[in-house]
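Colleague: Here it is, the structure, as structure tokens.
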Amino acid sequence: MKENLKFPPRPYQIEAFARFFYYLTDYKKRAKPSQLLFHMATGSGKTLIMAGAMLELYRLGYRNFLFFVNTDTIIRKTKENFLNPVSSKYLFKDRINIDGEQVGIREVENFESVSENSINILFSTIQGLHSQLNNPHENSVTFDDFTDKKLVLISDEAHHVNALTKKKLVGEEAEINNTWEVTITRIFNSNPENVMLEFTATLELSHPMIASKYNSKLLYDYALAKFRQDGFSKEVKTIQIDIEAIDRALVGVIISQYKKKIFSKYGILVKPVIMMKSDSVASSTQTEIEFNKTIRNFNAGNINRLRSINNDTLNQAFLYFESLGISDSNLIDEIKEDFSEDKVISVNSKNDSDQKQLIINSLEDKQNEYRVVFAVDKLNEGWDVLNLFDIIRLYETRDKGGKTTTQEAQLIGRGARYFPFKLNDSDEADKRKFDADIEHDLRIGETLHYHCFNEPRYISELYAALREIGIVPNEKTEVQLELKDEFKKTQFYKTGFILLNKKVENDPKIYGEYQEPILRHYFTYNIRTAENRESLIFEEGSVAESQHIYKATQSYELITFDKAIIRKAIAKLPFFQFNRITRFFPSLKSIDDFIEKSKYLGGIKVDVTGLAKDVKNLTPKVKLDICIDILTAISEEVYQRFGEFKGTKTFSREPIRSIFKDKKLYFALNEQSDKEAGRATMRGDIDPKYYVNLLANDWYAFKENYGTSEEKFLVKFLDSQMQELQKRFNDIYLLRNEKFFKLYRFSDGKATEPDYVLFMKERKSNEDLIYQLFIEPKGGHLMAVDSWKEDFLKEIANEAKVELYQNEQFRLIGMPFYNKFEKESQFKDALINVGI
């Protein structure tokens, strides 16, 4: 499935897929027909889940897909995602290959004549579908279309389908039978094999009727709060200034231009977009006219008036323009050009063209030059835009009922979608990068600004609404992490070094020492035997009754399988495309060589275990499964050892003073499983088990420790060992790695950021022998999933190569994980043995 998607799934999307596949294929209590709800945050990529689900359902024999939503706007956008290969938001690979067959995606008007080799999609609004089915006409879809075909129904913005559910069932039965919801239910129940997938970010699960309906149907719940906590959204800040609406719009223009230039500084091509939000079409139209006139006549008077506004972000913008040598006249020319009338678009008309809808949903595209969007409420749903960085609230009324404020909060949530970018290869493009460095100038590229009037009660209500939907945390804090002044005066800080490795391309053409991977030549495979067991539970224990099945094992050489079967298995895995596999096996001349030669597949043996009758006479299907299983294992093993990148084993010197600096940090408190994260060690209410007087210990380089409970345990443990360590070492310094540096695994360049580095200089050595210890405190719940980091750290001592500089020598050591209750003794042994 993943190999046919254009974009790699994120971790939470992978979990959603896993739950979906399990429900369809292995869940013994699966309901039929099957109705499932994906309740996922705005911007979390629900459409990619739809695309992946379609591919899996096709593999399971489904060909007919009915996609229905509340508005035409969403349909236009979704057709681009599903049908237009040249669109930047098209979700599939250029060629879709499922089980060795090329699969197409087609739009259809009905399901009378569909292609069995295609995913056939009928797109409709709920209202249009309801009308067609209850008032059929030529070539339209009818209820009869659904009686003899199994169907997949996909409902986007599914909260609209539940209008009836939230009502008490009173009134005439005829009224009930004419509702949209009943129409959808009738289609869904027309075939027991049907599947309905519902997607929404705003379903009222707190409503008792809705909660009851979806109690057994909610497959995955990924809230906006979790989406933000995981780093996949922008942060949100309000700019509250008591000025006229047109000046508020101009403030947004200056800040938007500032963001554009900051992105440009790092070589990132971004066109920040502004949304001008009005409360009525008439007001929006009038303000648009005034805005265009103001931009045409933009002058030094406007600049001076804006400069007189005392706002931090606005002041930063003007200071940055000055640092680039941009004069006021240059800035005026830029504003007139970048925000000219031809770069302003309005989406308030009911008769907006399809072309305008495509423009609005492709604002990230390079050829799309629009910078400003005027709107009232047409973009509240179904608007996918990543480069929206400013929303200007042009009106100053406050909604006493709360409905408008809630809608504004939801719009902000939609605008908070993260614009993906990388500063280096190890960055995750679509996650925030500067939570631990909020003074980095690119932090503004991770921020959505909401510009509004300065009225305390309104702001209070807005933030309450934002907290309720999860786009801002309930409690957050910004702290200053500072190096001690005494540490900055040390010779170690002034002239010392930290040794770090680099991530480089793993290309055989570049690295002459490259050797082809040696394949494992022995595998095992188990054929399922349907062996089962039933247990009777008594007070004294249990008695098991089992249906015992005698298994047999037989060895096969893979080369004895039909070559067509092996080729079919190879075709299913993109890793084995010839132009890719020769990257790892440069000596290969053809796929036939790979299949036949003994050092490749030709030398592989597999022990197959199962029922004797099955093992002795392997069916083509089992042989194909065996080949896929073996090839999958080979691809994973090869890629693990010989991926696209590798970490150098040579570690180079970087000055301590250039790596470790004062930094402002941001923490969303009470949202992490570890309640100590973000809280100071030196605070008055700290539990004594964590407390260390950091200011009294020269070996701790920073003034504070805002780390997790496990990090605080580590510092306290080192404090208890310091007297012994100081007998053997001097110049001992522990520094917290607040995203100051990364290490790269030797095998594949995968990045890790050890939480601490400990420097110690040996007292009795005739040379300046400095030990550099990489240390990672780790909570018990993370030790298994992060075990690769510990394995890599342990490799460092034996594999790292350090160049000698004059009389100075280094020993690099990666320590075992530190955990107070599970690994402290092991960590202590490793620490005691340093230098012995």
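By order of appearance in the structure tokens: chains A, B, ..., then residues from 1 within every chain, and ligands from 1 in the order shown.
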Give the alpha helix (DSSP H) residues of range 313-464 of chain A, as assigned by DSSP on the backbone, as a ChimeraX atom specification.

Modeller: /A:313-323,328-338,354-360,403-415,456-464

Colleague: Compile the contact shell of Gly267 in chain A as number ranges by chain: residues with an atom at most 12 Å away, counting only C-alpha atoms, same-chain residues fewer than 5 positions apart removed.

Modeller: A: 260-262, 421-424, 442

Colleague: Can you pull out every residue within 9 Å of Lys2 in chain A, counting only C-alpha atoms, but drop anything in the same chain fewer than 6 positions away, and send it as a PyMOL selection string?

Modeller: chain A and resi 8-9+52

Colleague: Smallest atom-to-atom distance to Phe82 in chain A: which of A:Thr609, A:Ser115, A:Ser426, A:Thr47, using only C-alpha atoms?

Modeller: A:Thr47

Colleague: Residues at most 10 Å from range 388-392 of chain A, counting only C-alpha atoms, excluding those fewer than 4 positions away in the same chain, as an MDAnalysis selection string?

Modeller: chainID A and resid 234 236:239 245:246 248:253 255:256 259 271:278 363:364 371:374 384 408 411:412 414:419 444:453

Colleague: Smallest atom-to-atom distance to Pro655 in chain A: which of A:Leu519, A:Val141, A:Ile498, A:Met760, using only C-alpha atoms?

Modeller: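 With only C-alpha atoms as the atom set, the closest residue is A:Ile498.
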
Colleague: Counting only C-alpha atoms, what is within 8 Å of range 713-717 of chain A, bar same-chain residues fewer than 5 positions away, as a list in words?

Modeller: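 Counting only the stated atoms, we get Lys689, Tyr690, Tyr691, Val692, Pro777, Tyr818, Asn819 and Lys820 of chain A.
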
Colleague: Show which residues sit within 12 Å of Met722 in chain A, as a VMD selection string. Count only C-alpha atoms, and ignore same-chain residues fewer than 6 positions away.

Modeller: chain A and resid 697 to 700 715 to 716 728 to 734 758 760 828 831 to 832

Colleague: What's around Phe821 in chain A at 10 Å? Count only C-alpha atoms, leave out sequence neighbours fewer than 4 positions away in its own chain, and write the answer as a PyMOL selection string.

Modeller: chain A and resi 710+713+779-780+825

Colleague: Select, from A:Lys433, A:Lys727, A:Arg653, A:Lys489, the residue with the minimum atom-to-atom distance to Asp230 in chain A, counting only C-alpha atoms.

Modeller: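 Looking only at the distances to Asp230 in chain A, the closest residue turns out to be A:Lys433.
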
Colleague: Identify all residues of range 43-109 of chain A in strand (DSSP E) (DSSP on the backbone) and supply them as a PyMOL selection string.

Modeller: chain A and resi 64-69+96-98+101-107

Colleague: Using all heavy atoms, can you export the residues from the last selection as a short mmCIF file (atom, residue, chain, number, x, y, z; two decimals), in the first residue's frame?

Modeller:
data_model
loop_
_atom_site.label_atom_id
_atom_site.label_comp_id
_atom_site.auth_asym_id
_atom_site.auth_seq_id
_atom_site.Cartn_x
_atom_site.Cartn_y
_atom_site.Cartn_z
N ASN A 64 -15.74 -0.40 -6.34
CA ASN A 64 -16.68 0.72 -6.44
C ASN A 64 -16.63 1.57 -5.17
O ASN A 64 -16.83 1.06 -4.06
CB ASN A 64 -18.10 0.20 -6.67
CG ASN A 64 -18.19 -0.66 -7.91
OD1 ASN A 64 -17.61 -0.32 -8.94
ND2 ASN A 64 -18.90 -1.78 -7.82
N PHE A 65 -16.38 2.86 -5.35
CA PHE A 65 -16.20 3.78 -4.23
C PHE A 65 -17.12 4.98 -4.41
O PHE A 65 -17.09 5.64 -5.46
CB PHE A 65 -14.74 4.24 -4.15
CG PHE A 65 -13.77 3.12 -3.86
CD1 PHE A 65 -13.34 2.27 -4.88
CD2 PHE A 65 -13.31 2.89 -2.58
CE1 PHE A 65 -12.46 1.23 -4.63
CE2 PHE A 65 -12.43 1.85 -2.31
CZ PHE A 65 -12.01 1.02 -3.34
N LEU A 66 -17.92 5.25 -3.41
CA LEU A 66 -18.82 6.41 -3.41
C LEU A 66 -18.29 7.43 -2.43
O LEU A 66 -18.28 7.20 -1.21
CB LEU A 66 -20.24 5.97 -3.02
CG LEU A 66 -21.27 7.07 -2.81
CD1 LEU A 66 -21.47 7.89 -4.08
CD2 LEU A 66 -22.61 6.48 -2.35
N PHE A 67 -17.82 8.57 -2.94
CA PHE A 67 -17.26 9.63 -2.11
C PHE A 67 -18.29 10.74 -2.00
O PHE A 67 -18.70 11.33 -3.01
CB PHE A 67 -15.97 10.15 -2.74
CG PHE A 67 -15.30 11.24 -1.94
CD1 PHE A 67 -14.32 10.93 -1.02
CD2 PHE A 67 -15.65 12.57 -2.12
CE1 PHE A 67 -13.69 11.93 -0.28
CE2 PHE A 67 -15.04 13.57 -1.39
CZ PHE A 67 -14.06 13.25 -0.46
N PHE A 68 -18.72 11.05 -0.78
CA PHE A 68 -19.73 12.11 -0.63
C PHE A 68 -19.36 13.06 0.50
O PHE A 68 -18.80 12.66 1.52
CB PHE A 68 -21.13 11.51 -0.41
CG PHE A 68 -21.24 10.60 0.78
CD1 PHE A 68 -21.71 11.07 2.00
CD2 PHE A 68 -20.90 9.26 0.68
CE1 PHE A 68 -21.83 10.23 3.10
CE2 PHE A 68 -21.01 8.42 1.77
CZ PHE A 68 -21.47 8.90 2.98
N VAL A 69 -19.66 14.34 0.27
CA VAL A 69 -19.34 15.40 1.22
C VAL A 69 -20.48 16.40 1.24
O VAL A 69 -21.48 16.25 0.54
CB VAL A 69 -18.02 16.12 0.82
CG1 VAL A 69 -16.83 15.22 1.00
CG2 VAL A 69 -18.11 16.63 -0.61
N ILE A 96 0.32 2.79 -10.27
CA ILE A 96 -0.17 2.06 -9.11
C ILE A 96 -0.11 0.57 -9.45
O ILE A 96 -0.72 0.11 -10.43
CB ILE A 96 -1.61 2.47 -8.75
CG1 ILE A 96 -1.65 3.97 -8.43
CG2 ILE A 96 -2.14 1.66 -7.58
CD1 ILE A 96 -3.05 4.50 -8.21
N ASN A 97 0.64 -0.18 -8.64
CA ASN A 97 0.80 -1.61 -8.87
C ASN A 97 0.32 -2.36 -7.63
O ASN A 97 0.87 -2.20 -6.54
CB ASN A 97 2.28 -1.93 -9.14
CG ASN A 97 2.50 -3.37 -9.52
OD1 ASN A 97 2.11 -4.28 -8.80
ND2 ASN A 97 3.15 -3.59 -10.65
N ILE A 98 -0.75 -3.14 -7.78
CA ILE A 98 -1.31 -3.92 -6.68
C ILE A 98 -1.30 -5.39 -7.08
O ILE A 98 -1.92 -5.77 -8.07
CB ILE A 98 -2.74 -3.47 -6.33
CG1 ILE A 98 -2.73 -1.99 -5.91
CG2 ILE A 98 -3.33 -4.33 -5.20
CD1 ILE A 98 -4.10 -1.42 -5.62
N GLU A 101 -0.43 -6.06 -10.69
CA GLU A 101 -1.30 -5.53 -11.74
C GLU A 101 -1.31 -4.01 -11.70
O GLU A 101 -1.31 -3.40 -10.63
CB GLU A 101 -2.74 -6.04 -11.58
CG GLU A 101 -2.87 -7.55 -11.69
CD GLU A 101 -4.31 -8.00 -11.44
OE1 GLU A 101 -5.14 -7.13 -11.11
OE2 GLU A 101 -4.57 -9.20 -11.59
N GLN A 102 -1.33 -3.40 -12.89
CA GLN A 102 -1.46 -1.95 -12.98
C GLN A 102 -2.92 -1.57 -12.70
O GLN A 102 -3.85 -2.15 -13.26
CB GLN A 102 -1.08 -1.46 -14.37
CG GLN A 102 0.40 -1.62 -14.70
CD GLN A 102 1.25 -0.67 -13.87
OE1 GLN A 102 2.04 -1.12 -13.07
NE2 GLN A 102 1.08 0.61 -14.08
N VAL A 103 -3.12 -0.60 -11.83
CA VAL A 103 -4.46 -0.20 -11.41
C VAL A 103 -4.68 1.26 -11.76
O VAL A 103 -3.82 2.11 -11.50
CB VAL A 103 -4.65 -0.42 -9.89
CG1 VAL A 103 -6.01 0.10 -9.43
CG2 VAL A 103 -4.50 -1.90 -9.55
N GLY A 104 -5.81 1.56 -12.34
CA GLY A 104 -6.17 2.94 -12.67
C GLY A 104 -7.16 3.50 -11.68
O GLY A 104 -7.74 2.78 -10.87
N ILE A 105 -7.34 4.81 -11.72
CA ILE A 105 -8.34 5.48 -10.89
C ILE A 105 -9.25 6.27 -11.83
O ILE A 105 -8.79 7.12 -12.60
CB ILE A 105 -7.69 6.42 -9.85
CG1 ILE A 105 -6.76 5.62 -8.95
CG2 ILE A 105 -8.75 7.13 -9.03
CD1 ILE A 105 -6.04 6.46 -7.92
N ARG A 106 -10.55 5.97 -11.78
CA ARG A 106 -11.51 6.54 -12.73
C ARG A 106 -12.65 7.20 -11.99
O ARG A 106 -13.11 6.70 -10.96
CB ARG A 106 -12.09 5.45 -13.63
CG ARG A 106 -11.08 4.69 -14.45
CD ARG A 106 -11.72 3.49 -15.14
NE ARG A 106 -12.77 3.86 -16.09
CZ ARG A 106 -14.05 3.49 -16.00
NH1 ARG A 106 -14.45 2.73 -14.99
NH2 ARG A 106 -14.93 3.84 -16.91
N GLU A 107 -13.12 8.31 -12.55
CA GLU A 107 -14.36 8.90 -12.06
C GLU A 107 -15.52 8.33 -12.87
O GLU A 107 -15.43 8.21 -14.09
CB GLU A 107 -14.33 10.43 -12.22
CG GLU A 107 -15.60 11.09 -11.69
CD GLU A 107 -15.60 12.60 -11.88
OE1 GLU A 107 -14.63 13.14 -12.47
OE2 GLU A 107 -16.58 13.24 -11.44
#

Colleague: Considering only C-alpha atoms, can you say which of A:Tyr522, A:Phe146, A:Phe576, A:Tyr23 comes closest to Phe111 in chain A?

Modeller: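 Nearest to Phe111 in chain A: A:Phe146.
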
Colleague: Select, from A:Asp312, A:Arg679, A:Glu396, A:Lys742, the residue with the minimum atom-to-atom distance to Lys712 in chain A, counting only C-alpha atoms.

Modeller: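 Answer, going by the shortest atom-to-atom distance: A:Arg679.
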
Colleague: Could you tell me how far CA of Lys217 in chain A sits from CA of Gly45 in chain A, in Å to one decimal place?

Modeller: 19.9 Å

Colleague: How far is it from CA of Arg30 in chain A to CA of Asp614 in chain A, in Å with one decimal?

Modeller: 29.0 Å

Colleague: Quick one: of A:Tyr220, A:Phe740, A:Phe792, A:Phe123, who's nearest to Phe660 in chain A, counting only C-alpha atoms?

Modeller: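 Among A:Tyr220, A:Phe740, A:Phe792, A:Phe123, it is A:Phe740 that comes nearest to Phe660 in chain A.
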
Colleague: Figure out the distance between CA of Lys563 in chain A and CA of Val615 in chain A, please, to one decimal in Å.

Modeller: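 So the two atoms, CA of Val615 in chain A and CA of Lys563 in chain A, lie 19.4 Å apart.
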